[in-house]
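S.K.: Provided below: protein_8.csv, containing CSV, C-alpha atoms.
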```csv
chain,number,residue,atom,x,y,z
I,1,MET,CA,5.3,4.6,-18.9
I,2,PRO,CA,1.9,5.0,-20.5
I,3,LEU,CA,0.2,7.9,-18.8
I,4,SER,CA,-3.5,7.1,-19.3
I,5,VAL,CA,-6.1,5.7,-17.1
I,6,SER,CA,-9.0,3.4,-17.8
I,7,PHE,CA,-12.6,3.9,-16.6
I,8,ALA,CA,-12.1,0.8,-14.4
I,9,LEU,CA,-9.1,2.3,-12.7
I,10,VAL,CA,-10.9,5.6,-12.0
I,11,ASN,CA,-14.0,3.7,-10.8
I,12,ASP,CA,-12.1,1.5,-8.5
I,13,VAL,CA,-10.1,4.4,-7.0
I,14,MET,CA,-13.2,6.6,-6.6
I,15,GLU,CA,-15.3,3.8,-5.2
I,16,SER,CA,-12.7,3.1,-2.4
I,17,TRP,CA,-12.2,6.8,-1.9
I,18,MET,CA,-15.9,7.3,-1.3
I,19,LEU,CA,-15.8,4.4,1.3
I,20,LEU,CA,-12.8,6.1,2.9
I,21,GLN,CA,-14.7,9.3,3.2
I,22,THR,CA,-17.2,7.7,5.5
I,23,ILE,CA,-14.5,7.5,8.2
I,24,PRO,CA,-14.5,10.6,10.5
I,25,ASN,CA,-11.5,12.8,9.7
I,26,TYR,CA,-10.5,10.4,6.9
I,27,SER,CA,-8.0,12.7,5.3
I,28,ASP,CA,-6.1,13.2,8.6
I,29,GLU,CA,-6.4,9.5,9.5
I,30,LEU,CA,-5.0,8.4,6.1
I,31,GLY,CA,-2.2,11.0,6.1
I,32,VAL,CA,-0.9,10.3,9.5
I,33,LEU,CA,-1.2,6.5,9.0
I,34,MET,CA,0.6,6.7,5.7
I,35,PHE,CA,3.5,8.6,7.3
I,36,ARG,CA,3.6,6.2,10.3
I,37,LYS,CA,3.8,3.3,7.9
I,38,PHE,CA,6.4,5.1,5.7
I,39,PHE,CA,8.7,5.8,8.7
I,40,ASP,CA,8.2,2.2,10.0
I,41,MET,CA,9.6,1.0,6.7
I,42,TYR,CA,12.1,3.8,6.1
I,43,PRO,CA,13.1,5.3,9.4
I,44,ASP,CA,16.0,7.2,7.9
I,45,ALA,CA,13.6,9.3,5.9
I,46,VAL,CA,12.9,11.4,9.0
I,47,SER,CA,16.1,13.3,8.1
I,48,LEU,CA,14.1,14.8,5.1
I,49,PHE,CA,12.0,16.8,7.6
I,50,SER,CA,13.2,19.9,9.3
I,51,PHE,CA,10.2,20.5,11.5
I,52,GLY,CA,8.6,18.9,14.5
I,53,GLY,CA,11.6,19.5,16.8
I,54,VAL,CA,13.5,16.7,15.2
I,55,ASP,CA,17.0,16.9,16.6
I,56,LYS,CA,19.0,14.7,14.3
I,57,SER,CA,21.7,14.1,17.0
I,58,MET,CA,19.0,12.5,19.3
I,59,PRO,CA,17.1,9.2,18.8
I,60,PHE,CA,14.0,9.7,16.8
I,61,ASP,CA,10.8,10.0,18.9
I,62,GLN,CA,8.0,9.1,16.6
I,63,GLU,CA,5.2,10.1,18.9
I,64,GLU,CA,6.7,13.6,19.5
I,65,PHE,CA,7.1,13.9,15.7
I,66,PHE,CA,3.6,12.8,14.9
I,67,GLU,CA,2.1,15.1,17.5
I,68,SER,CA,4.0,18.2,16.4
I,69,PRO,CA,1.8,21.0,15.0
I,70,GLN,CA,4.2,21.3,12.0
I,71,PHE,CA,3.8,17.7,11.1
I,72,LEU,CA,0.0,17.9,11.3
I,73,VAL,CA,0.0,21.0,9.1
I,74,HIS,CA,2.2,19.1,6.6
I,75,VAL,CA,-0.2,16.2,6.6
I,76,LYS,CA,-3.1,18.5,5.9
I,77,LEU,CA,-1.3,20.2,3.0
I,78,MET,CA,-0.1,16.8,1.6
I,79,MET,CA,-3.6,15.4,1.8
I,80,ARG,CA,-5.2,18.5,0.2
I,81,THR,CA,-2.8,18.0,-2.7
I,82,PHE,CA,-3.5,14.2,-2.7
I,83,CYS,CA,-7.3,14.7,-2.7
I,84,GLY,CA,-6.9,17.2,-5.6
I,85,ALA,CA,-4.9,14.6,-7.5
I,86,ILE,CA,-7.6,12.1,-7.1
I,87,ASP,CA,-10.2,14.6,-8.3
I,88,MET,CA,-8.1,15.1,-11.5
I,89,LEU,CA,-8.3,11.4,-12.4
I,90,GLY,CA,-10.0,11.0,-15.8
I,91,PRO,CA,-9.3,10.5,-19.4
I,92,ASP,CA,-7.4,13.8,-19.7
I,93,LEU,CA,-4.4,13.6,-17.3
I,94,GLU,CA,-2.9,16.9,-18.4
I,95,LEU,CA,-3.7,18.8,-15.2
I,96,LEU,CA,-2.6,15.8,-13.1
I,97,LEU,CA,0.7,15.7,-15.0
I,98,GLU,CA,1.2,19.4,-14.5
I,99,THR,CA,0.4,19.3,-10.8
I,100,GLY,CA,2.6,16.3,-10.2
I,101,SER,CA,5.4,18.0,-12.1
I,102,GLU,CA,5.1,21.1,-9.8
I,103,ILE,CA,5.1,19.0,-6.7
I,104,GLY,CA,8.1,17.1,-7.9
I,105,GLN,CA,10.0,20.3,-8.5
I,106,LYS,CA,9.3,21.4,-5.0
I,107,HIS,CA,10.4,18.1,-3.5
I,108,LYS,CA,13.6,18.0,-5.5
I,109,ASN,CA,15.2,20.2,-2.9
I,110,TYR,CA,14.2,17.9,-0.1
I,111,GLY,CA,16.3,15.1,-1.4
I,112,LEU,CA,13.6,12.7,-2.3
I,113,THR,CA,14.6,9.6,-4.3
I,114,LYS,CA,12.8,7.0,-6.3
I,115,GLU,CA,13.1,4.7,-3.3
I,116,HIS,CA,11.1,7.2,-1.2
I,117,TYR,CA,8.3,7.2,-3.7
I,118,SER,CA,8.3,3.4,-3.7
I,119,PHE,CA,8.1,3.2,0.1
I,120,MET,CA,5.3,5.8,0.1
I,121,GLU,CA,3.3,3.7,-2.3
I,122,LEU,CA,3.6,0.7,0.1
I,123,ALA,CA,2.6,3.0,3.0
I,124,LEU,CA,-0.4,4.3,1.0
I,125,ILE,CA,-1.6,0.8,0.1
I,126,ASP,CA,-1.1,-0.5,3.6
I,127,ALA,CA,-2.9,2.5,5.1
I,128,LEU,CA,-5.9,2.0,2.8
I,129,GLN,CA,-6.0,-1.7,3.6
I,130,GLU,CA,-6.0,-1.0,7.3
I,131,LEU,CA,-8.6,1.8,7.2
I,132,LEU,CA,-10.9,0.0,4.7
I,133,GLY,CA,-10.4,-3.6,5.8
I,134,SER,CA,-12.2,-6.2,3.8
I,135,SER,CA,-14.0,-3.5,1.8
I,136,PHE,CA,-10.7,-2.8,0.0
I,137,THR,CA,-10.8,-5.2,-2.9
I,138,GLN,CA,-7.9,-6.6,-4.9
I,139,HIS,CA,-9.1,-4.6,-7.9
I,140,GLN,CA,-9.1,-1.4,-5.9
I,141,ARG,CA,-5.7,-2.2,-4.6
I,142,MET,CA,-4.4,-2.7,-8.1
I,143,ALA,CA,-6.1,0.6,-9.2
I,144,TRP,CA,-4.5,2.5,-6.3
I,145,GLU,CA,-1.1,1.0,-7.2
I,146,GLU,CA,-1.5,2.2,-10.8
I,147,PHE,CA,-2.7,5.6,-9.7
I,148,TRP,CA,0.3,6.0,-7.4
I,149,LYS,CA,2.7,4.9,-10.2
I,150,ILE,CA,1.2,7.6,-12.5
I,151,PHE,CA,1.2,10.3,-9.8
I,152,SER,CA,4.7,9.5,-8.5
I,153,TYR,CA,6.1,9.2,-12.1
I,154,THR,CA,4.8,12.7,-12.8
I,155,MET,CA,6.5,14.0,-9.5
I,156,GLN,CA,9.8,12.3,-10.5
I,157,HIS,CA,9.5,13.5,-14.0
I,158,GLY,CA,9.1,17.0,-12.7
I,159,ARG,CA,12.2,16.6,-10.6
I,160,GLN,CA,14.2,15.4,-13.7
I,161,ASN,CA,13.2,18.4,-15.8
I,162,GLN,CA,14.4,21.0,-13.2
```
Output the structure of this file as structure tokens.

M.R.:
Amino acid sequence: MPLSVSFALVNDVMESWMLLQTIPNYSDELGVLMFRKFFDMYPDAVSLFSFGGVDKSMPFDQEEFFESPQFLVHVKLMMRTFCGAIDMLGPDLELLLETGSEIGQKHKNYGLTKEHYSFMELALIDALQELLGSSFTQHQRMAWEEFWKIFSYTMQHGRQNQ
């Protein structure tokens, strides 16, 4: 996979990111919505999380999970990392590659698979579409898909080198 980005990709991601930032609590809104969509598509993935009072012998209560303080802290940490990754977009991807590799190494122990990354991409794109509505253009969607492919590749690459 070529790990480079065009000016157009950076521009489209950043333009839509700036629009997203006009939404109050945009980071929390995007993070929670991403996970809601992720678990709607991949309910078994809840088994990857050991917090939020999830009793794996009981039926999964999404609302209880999404309201748990541990989940909300996880969202804040994930979104801080995600925002940082967006800030690293540019012609030199070395820092983004290094960061993605480190994240991938940490997530290796959680049992993440390529399938999880694919579902999270769909959740991200759907969440952006829902939050930005008609302001989210096809070019921006394609740019975000490419950004996620690069970022998730670096996370998976990090996992493979452990």

S.K.: Could you please determine the separation between atom CA of I:Met120 and atom CA of I:Met34 in Å, to one decimal place?

M.R.: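 So the two atoms, atom CA of I:Met120 and atom CA of I:Met34, lie 7.4 Å apart.
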
S.K.: So that I can see what lies close to I:Lys76, please list as a ChimeraX atom specification the residues with an atom at most 9 Å from it, counting only C-alpha atoms and leaving out residues fewer than 3 positions away in the same chain.

M.R.: /I:27-28,31,71-73,79-81

S.K.: Any chance you could export the current selection's C-alpha atoms as an mmCIF file, in the frame of the given file?

M.R.:
```
data_model
loop_
_atom_site.group_PDB
_atom_site.id
_atom_site.type_symbol
_atom_site.label_atom_id
_atom_site.label_comp_id
_atom_site.auth_asym_id
_atom_site.auth_seq_id
_atom_site.Cartn_x
_atom_site.Cartn_y
_atom_site.Cartn_z
ATOM 1 C CA SER I 27 -8.000 12.700 5.300
ATOM 2 C CA ASP I 28 -6.100 13.200 8.600
ATOM 3 C CA GLY I 31 -2.200 11.000 6.100
ATOM 4 C CA PHE I 71 3.800 17.700 11.100
ATOM 5 C CA LEU I 72 0.000 17.900 11.300
ATOM 6 C CA VAL I 73 0.000 21.000 9.100
ATOM 7 C CA MET I 79 -3.600 15.400 1.800
ATOM 8 C CA ARG I 80 -5.200 18.500 0.200
ATOM 9 C CA THR I 81 -2.800 18.000 -2.700
#
```

S.K.: Counting only C-alpha atoms, figure out which residue out of I:Met78, I:Leu112, I:Leu33, I:Ile86 gets nearest to I:Trp144.

M.R.: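 The answer is I:Ile86, which sits nearest to I:Trp144.
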
S.K.: Would you list the residues near (-7.6, 12.5, -14.1), meaning any protein, DNA or RNA residue with an atom at most 12 Å from that point in file coordinates, counting only C-alpha atoms, as an MDAnalysis selection string?

M.R.: chainID I and resid 3:7 9:11 13:14 83:100 147 150:151

S.K.: In Å to one decimal, how far is atom CA of I:Asn109 from atom CA of I:Phe39?

M.R.: 19.6 Å

S.K.: Name the residues in contact with stretch 16-19 of chain I at a cut-off of 8 Å, using all atoms listed in the file, excluding same-chain residues fewer than 6 positions from it; report them as a compact mmCIF listing (two decimals) with C-alpha atoms, in the coordinates of the input.

M.R.:
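What ended up in part25.txt:
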```txt
# COMPACT_ATOMS: atom_id res chain seq x y z
CA LEU I 132 -10.90 0.00 4.70
CA SER I 135 -14.00 -3.50 1.80
CA PHE I 136 -10.70 -2.80 0.00
CA GLN I 140 -9.10 -1.40 -5.90
```
